Amino acid sequence: MNAGAPSSPPPDLSRREVFSGVVRDHHAALSAYATVIAGDPTRAAELVQDAFVTAWQNIGRFDVTRDIAAWLRGIVRNKWREACRSRNREIQLDEESLTRLENAVVEWQADRPEVFDRLAACREQLPAALGACVRCFYDDRLSGDVAARELGVSAATFRKRLERARVLLRDCLSRKSNSTHL
């Protein structure tokens, strides 16, 4: 090997980097999907974590011609079924409901980049105090009480600001959506 030639990253490191990107790109949508299936955000987080572990362990068997989001949702669905069986819990969603949910997710993901671009533009238009509330609650995932302390306001003030930010974001997204479809 030539001492002056740059070395390529170890194959395992590159694989980890690629998988980290997959996790970043699909975590939010997979969490939403799991929450609908499980009906509980805590259980959904466990399902998503288990799904990513399973995906990592089986990434060599993934067919790159397939949709990785659909593969990950399938893993979440199977993990949920396993959990229901192991706890002798009746599955709340039948196959028809799961199929409708899967179709809705696929449709949502087709529009996802545009929606998130519009949302980012709307967030930039929020007044600073409202934007800080959105950041603390949604980006940093702080509880309302913790976010209020972080921002130096009362919990009631925080809740009111977050409510106002949601209204402004909904209105902004609605205006942007209507203008792009004219």
# chains A, B, ... in the order shown; residues from 1 in each chain; ligands from 1
>>> residues_around(residues="Leu126 (chain A)", least_positions_apart="3", cutoff="8 Å", atoms="only C-alpha atoms", output="number ranges by chain")
A: 122-123, 130-131, 165, 168-169
>>> residues_around(residues="Ala129 (chain A)", least_positions_apart="4", cutoff="9 Å", atoms="only C-alpha atoms", output="PyMOL selection string")
chain A and resi 133-134+151+161
>>> closest_residue(among="A:Thr35, A:Val22, A:Arg87, A:Ala128", to="Trp71 (chain A)", atoms="only C-alpha atoms")
A:Val22
>>> closest_residue(among="A:Gly39, A:Val64, A:Cys172, A:Leu98", to="Glu124 (chain A)", atoms="only C-alpha atoms")
A:Cys172
>>> select_by_dssp(residues="chain A", states="alpha helix (DSSP H)", output="MDAnalysis selection string")
chainID A and resid 11:38 41:58 68:86 95:125 128:134 144:151 155:180
>>> residues_around(residues="Ile59 (chain A)", least_positions_apart="2", cutoff="12 Å", atoms="only C-alpha atoms", output="count of residues only")
20
>>> closest_residue(among="A:Ala155, A:Ala44, A:Ala148, A:Cys136", to="Arg73 (chain A)", atoms="only C-alpha atoms")
A:Ala44
>>> atom_distance(atom1="CA of Glu102 (chain A)", atom2="CA of Ala29 (chain A)")
11.6 Å
>>> closest_residue(among="A:Leu162, A:Val48, A:Val146, A:Ala132", to="Trp80 (chain A)", atoms="only C-alpha atoms")
A:Val48
>>> closest_residue(among="A:Glu107, A:Asp145, A:Val153, A:Leu173", to="Ala120 (chain A)", atoms="only C-alpha atoms")
A:Leu173
>>> atom_distance(atom1="CA of Arg24 (chain A)", atom2="CA of Asp67 (chain A)")
15.9 Å
>>> atom_distance(atom1="CA of Asp171 (chain A)", atom2="CA of Val115 (chain A)")
13.6 Å
